[in-house]
Amino acid sequence: MPERSPMTLFSLTTRAMSAQMVRMNAATSNLANAGSVSSTEEGAYRPIRAVFAVELDRASGLAGVTTSGLVRADTAPTKRHDPSNPLADANGDVFEAPVDETAEMVEIMDASRQYQNLVQALQTAKQLMLETLRSQ
């Protein structure tokens, strides 16, 4: 593996912003599939969540976050009797995606707020660097 340069405040916040975007995209995908139905339990949409891992940079001593993947929730879909639905099985049942819309909205708002905090941290660091350069 090639040697990487030490982690900086900028690379650290960039990775964290990327992680928040993955988190936000997963929640919006879940919201987009809320209410979707399938004719089988196995075919029903299951919510996804981002999985994060800590990455320690030995050169700088900073710990950052990386996205290690997405996982599907093991929540069972909701079985609903709807014989008029074209996707209904022989018993007239459909399986609805187990998406909690309120929880997904909270997830989006939290990820968005964390992203805004990271942008503010970058702006503050940039401003401090510029002021340091001006004072010399």
# chains A, B, ... in the order shown; residues from 1 in each chain; ligands from 1

$ residues_around --residues "Leu118 of chain A" --least-positions-apart "6" --cutoff "12 Å" --atoms "only C-alpha atoms" --output "PyMOL selection string"
chain A and resi 9-21+111-112+124-125

$ residues_around --residues "segment 72-75 of chain A" --least-positions-apart "2" --cutoff "12 Å" --atoms "only C-alpha atoms" --output "ChimeraX atom specification"
/A:26-27,29-30,41-42,44-51,69-70,77-78,96-100

$ write_last_selection --atoms "N, CA and C atoms" --output "PDB file, in the first residue's frame"
ATOM      1  N   ALA A  26     -28.387   7.363   2.367  1.00  0.00           N
ATOM      2  CA  ALA A  26     -29.042   6.123   2.784  1.00  0.00           C
ATOM      3  C   ALA A  26     -30.436   6.415   3.326  1.00  0.00           C
ATOM      4  N   ALA A  27     -30.538   7.453   4.145  1.00  0.00           N
ATOM      5  CA  ALA A  27     -31.846   7.804   4.727  1.00  0.00           C
ATOM      6  C   ALA A  27     -32.820   8.286   3.652  1.00  0.00           C
ATOM      7  N   SER A  29     -32.797   7.375   0.540  1.00  0.00           N
ATOM      8  CA  SER A  29     -33.180   6.177  -0.209  1.00  0.00           C
ATOM      9  C   SER A  29     -34.264   5.412   0.539  1.00  0.00           C
ATOM     10  N   ASN A  30     -34.117   5.337   1.853  1.00  0.00           N
ATOM     11  CA  ASN A  30     -35.141   4.669   2.662  1.00  0.00           C
ATOM     12  C   ASN A  30     -36.480   5.405   2.554  1.00  0.00           C
ATOM     13  N   GLU A  41     -42.279 -11.600   0.828  1.00  0.00           N
ATOM     14  CA  GLU A  41     -41.575 -11.027   1.981  1.00  0.00           C
ATOM     15  C   GLU A  41     -40.105 -10.785   1.635  1.00  0.00           C
ATOM     16  N   GLU A  42     -39.509 -11.705   0.888  1.00  0.00           N
ATOM     17  CA  GLU A  42     -38.101 -11.580   0.507  1.00  0.00           C
ATOM     18  C   GLU A  42     -37.869 -10.426  -0.470  1.00  0.00           C
ATOM     19  N   ALA A  44     -39.488  -7.542  -0.536  1.00  0.00           N
ATOM     20  CA  ALA A  44     -39.821  -6.225   0.037  1.00  0.00           C
ATOM     21  C   ALA A  44     -38.538  -5.445   0.338  1.00  0.00           C
ATOM     22  N   TYR A  45     -38.616  -4.154   0.136  1.00  0.00           N
ATOM     23  CA  TYR A  45     -37.481  -3.275   0.433  1.00  0.00           C
ATOM     24  C   TYR A  45     -37.198  -3.292   1.929  1.00  0.00           C
ATOM     25  N   ARG A  46     -35.933  -3.328   2.265  1.00  0.00           N
ATOM     26  CA  ARG A  46     -35.499  -3.222   3.665  1.00  0.00           C
ATOM     27  C   ARG A  46     -34.607  -1.996   3.788  1.00  0.00           C
ATOM     28  N   PRO A  47     -34.793  -1.200   4.841  1.00  0.00           N
ATOM     29  CA  PRO A  47     -33.983   0.020   5.009  1.00  0.00           C
ATOM     30  C   PRO A  47     -32.487  -0.290   5.045  1.00  0.00           C
ATOM     31  N   ILE A  48     -31.698   0.671   4.576  1.00  0.00           N
ATOM     32  CA  ILE A  48     -30.244   0.512   4.607  1.00  0.00           C
ATOM     33  C   ILE A  48     -29.637   1.517   5.591  1.00  0.00           C
ATOM     34  N   ARG A  49     -28.508   1.156   6.128  1.00  0.00           N
ATOM     35  CA  ARG A  49     -27.765   2.017   7.051  1.00  0.00           C
ATOM     36  C   ARG A  49     -26.296   1.986   6.659  1.00  0.00           C
ATOM     37  N   ALA A  50     -25.648   3.119   6.817  1.00  0.00           N
ATOM     38  CA  ALA A  50     -24.211   3.201   6.574  1.00  0.00           C
ATOM     39  C   ALA A  50     -23.470   2.646   7.783  1.00  0.00           C
ATOM     40  N   VAL A  51     -22.376   1.956   7.519  1.00  0.00           N
ATOM     41  CA  VAL A  51     -21.518   1.427   8.580  1.00  0.00           C
ATOM     42  C   VAL A  51     -20.205   2.195   8.512  1.00  0.00           C
ATOM     43  N   GLY A  69     -19.197   0.496   4.463  1.00  0.00           N
ATOM     44  CA  GLY A  69     -20.219  -0.158   3.657  1.00  0.00           C
ATOM     45  C   GLY A  69     -21.626   0.189   4.083  1.00  0.00           C
ATOM     46  N   LEU A  70     -22.566  -0.457   3.421  1.00  0.00           N
ATOM     47  CA  LEU A  70     -23.990  -0.305   3.726  1.00  0.00           C
ATOM     48  C   LEU A  70     -24.541  -1.667   4.106  1.00  0.00           C
ATOM     49  N   PRO A  77     -40.768  -7.000   6.863  1.00  0.00           N
ATOM     50  CA  PRO A  77     -41.768  -6.140   6.237  1.00  0.00           C
ATOM     51  C   PRO A  77     -43.144  -6.349   6.854  1.00  0.00           C
ATOM     52  N   THR A  78     -43.989  -5.359   6.684  1.00  0.00           N
ATOM     53  CA  THR A  78     -45.351  -5.417   7.218  1.00  0.00           C
ATOM     54  C   THR A  78     -46.254  -6.137   6.216  1.00  0.00           C
ATOM     55  N   GLU A  96     -45.177  -4.680   2.810  1.00  0.00           N
ATOM     56  CA  GLU A  96     -44.782  -3.270   2.731  1.00  0.00           C
ATOM     57  C   GLU A  96     -43.433  -3.053   3.398  1.00  0.00           C
ATOM     58  N   ALA A  97     -42.637  -2.171   2.822  1.00  0.00           N
ATOM     59  CA  ALA A  97     -41.310  -1.848   3.357  1.00  0.00           C
ATOM     60  C   ALA A  97     -41.418  -1.322   4.787  1.00  0.00           C
ATOM     61  N   PRO A  98     -40.587  -1.837   5.693  1.00  0.00           N
ATOM     62  CA  PRO A  98     -40.652  -1.423   7.102  1.00  0.00           C
ATOM     63  C   PRO A  98     -39.844  -0.154   7.367  1.00  0.00           C
ATOM     64  N   VAL A  99     -40.224   0.920   6.717  1.00  0.00           N
ATOM     65  CA  VAL A  99     -39.495   2.180   6.847  1.00  0.00           C
ATOM     66  C   VAL A  99     -40.247   3.104   7.798  1.00  0.00           C
ATOM     67  N   ASP A 100     -39.560   3.547   8.841  1.00  0.00           N
ATOM     68  CA  ASP A 100     -40.122   4.511   9.785  1.00  0.00           C
ATOM     69  C   ASP A 100     -39.782   5.907   9.248  1.00  0.00           C
TER      70      ASP A 100
END

$ select_by_dssp --residues "chain A" --states "strand (DSSP E or B)" --output "list of chain:residue names"
A:Val37, A:Ser38, A:Ile48, A:Arg49, A:Ala50, A:Val51, A:Phe52, A:Ala53, A:Val54, A:Glu55, A:Leu56, A:Ala63, A:Gly64, A:Val65, A:Thr66, A:Thr67, A:Ser68, A:Gly69, A:Leu70, A:Val71, A:Arg72, A:Thr78, A:Lys79, A:Arg80, A:His81, A:Asp93, A:Val94, A:Phe95, A:Glu96

$ select_by_dssp --residues "segment 6-94 of chain A" --states "helix (DSSP H, G or I)" --output "PyMOL selection string"
chain A and resi 9-32

$ residues_around --residues "His81 of chain A" --least-positions-apart "4" --cutoff "7 Å" --atoms "only C-alpha atoms" --output "list in words"
Gly92, Asp93 and Val94 of chain A

$ closest_residue --among "A:Asn91, A:Gln123, A:Thr8, A:Thr67" --to "Ser39 of chain A" --atoms "only C-alpha atoms"
A:Asn91

$ atom_distance --atom1 "atom CA of Thr40 of chain A" --atom2 "atom CA of Glu104 of chain A"
23.9 Å

$ closest_residue --among "A:Ser38, A:Val71, A:Thr28, A:Thr132" --to "Thr102 of chain A" --atoms "only C-alpha atoms"
A:Thr28

$ atom_distance --atom1 "atom CA of Met109 of chain A" --atom2 "atom CA of Ala34 of chain A"
17.3 Å

$ atom_distance --atom1 "atom CA of Ala88 of chain A" --atom2 "atom CA of Ala76 of chain A"
17.3 Å

$ closest_residue --among "A:Met7, A:Met129, A:Val54, A:Val37" --to "Lys79 of chain A" --atoms "only C-alpha atoms"
A:Val37

$ decode --residues "segment 79-92 of chain A" --atoms "N, CA and C atoms" --output "compact mmCIF listing (two decimals), in the first residue's frame"
# COMPACT_ATOMS: atom_id res chain seq x y z
N LYS A 79 -46.92 -7.17 6.70
CA LYS A 79 -47.85 -7.92 5.85
C LYS A 79 -49.20 -7.22 5.93
N ARG A 80 -49.75 -6.89 4.76
CA ARG A 80 -51.02 -6.16 4.71
C ARG A 80 -51.95 -6.86 3.72
N HIS A 81 -53.20 -7.02 4.12
CA HIS A 81 -54.20 -7.64 3.25
C HIS A 81 -54.75 -6.58 2.30
N ASP A 82 -54.48 -6.75 1.02
CA ASP A 82 -54.92 -5.80 0.00
C ASP A 82 -55.16 -6.57 -1.30
N PRO A 83 -56.28 -7.30 -1.38
CA PRO A 83 -56.53 -8.14 -2.57
C PRO A 83 -56.68 -7.35 -3.87
N SER A 84 -56.96 -6.05 -3.79
CA SER A 84 -57.11 -5.26 -5.03
C SER A 84 -55.75 -4.83 -5.61
N ASN A 85 -54.68 -5.00 -4.86
CA ASN A 85 -53.35 -4.62 -5.34
C ASN A 85 -52.87 -5.65 -6.36
N PRO A 86 -52.38 -5.19 -7.51
CA PRO A 86 -51.91 -6.14 -8.54
C PRO A 86 -50.73 -7.00 -8.08
N LEU A 87 -50.02 -6.57 -7.03
CA LEU A 87 -48.89 -7.35 -6.51
C LEU A 87 -49.29 -8.33 -5.42
N ALA A 88 -50.57 -8.38 -5.09
CA ALA A 88 -51.03 -9.26 -4.01
C ALA A 88 -50.78 -10.73 -4.35
N ASP A 89 -50.43 -11.51 -3.31
CA ASP A 89 -50.20 -12.94 -3.52
C ASP A 89 -51.54 -13.68 -3.57
N ALA A 90 -51.48 -14.99 -3.56
CA ALA A 90 -52.70 -15.81 -3.68
C ALA A 90 -53.68 -15.57 -2.52
N ASN A 91 -53.17 -15.17 -1.36
CA ASN A 91 -54.02 -14.88 -0.20
C ASN A 91 -54.53 -13.44 -0.19
N GLY A 92 -54.08 -12.63 -1.16
CA GLY A 92 -54.47 -11.22 -1.21
C GLY A 92 -53.61 -10.33 -0.35
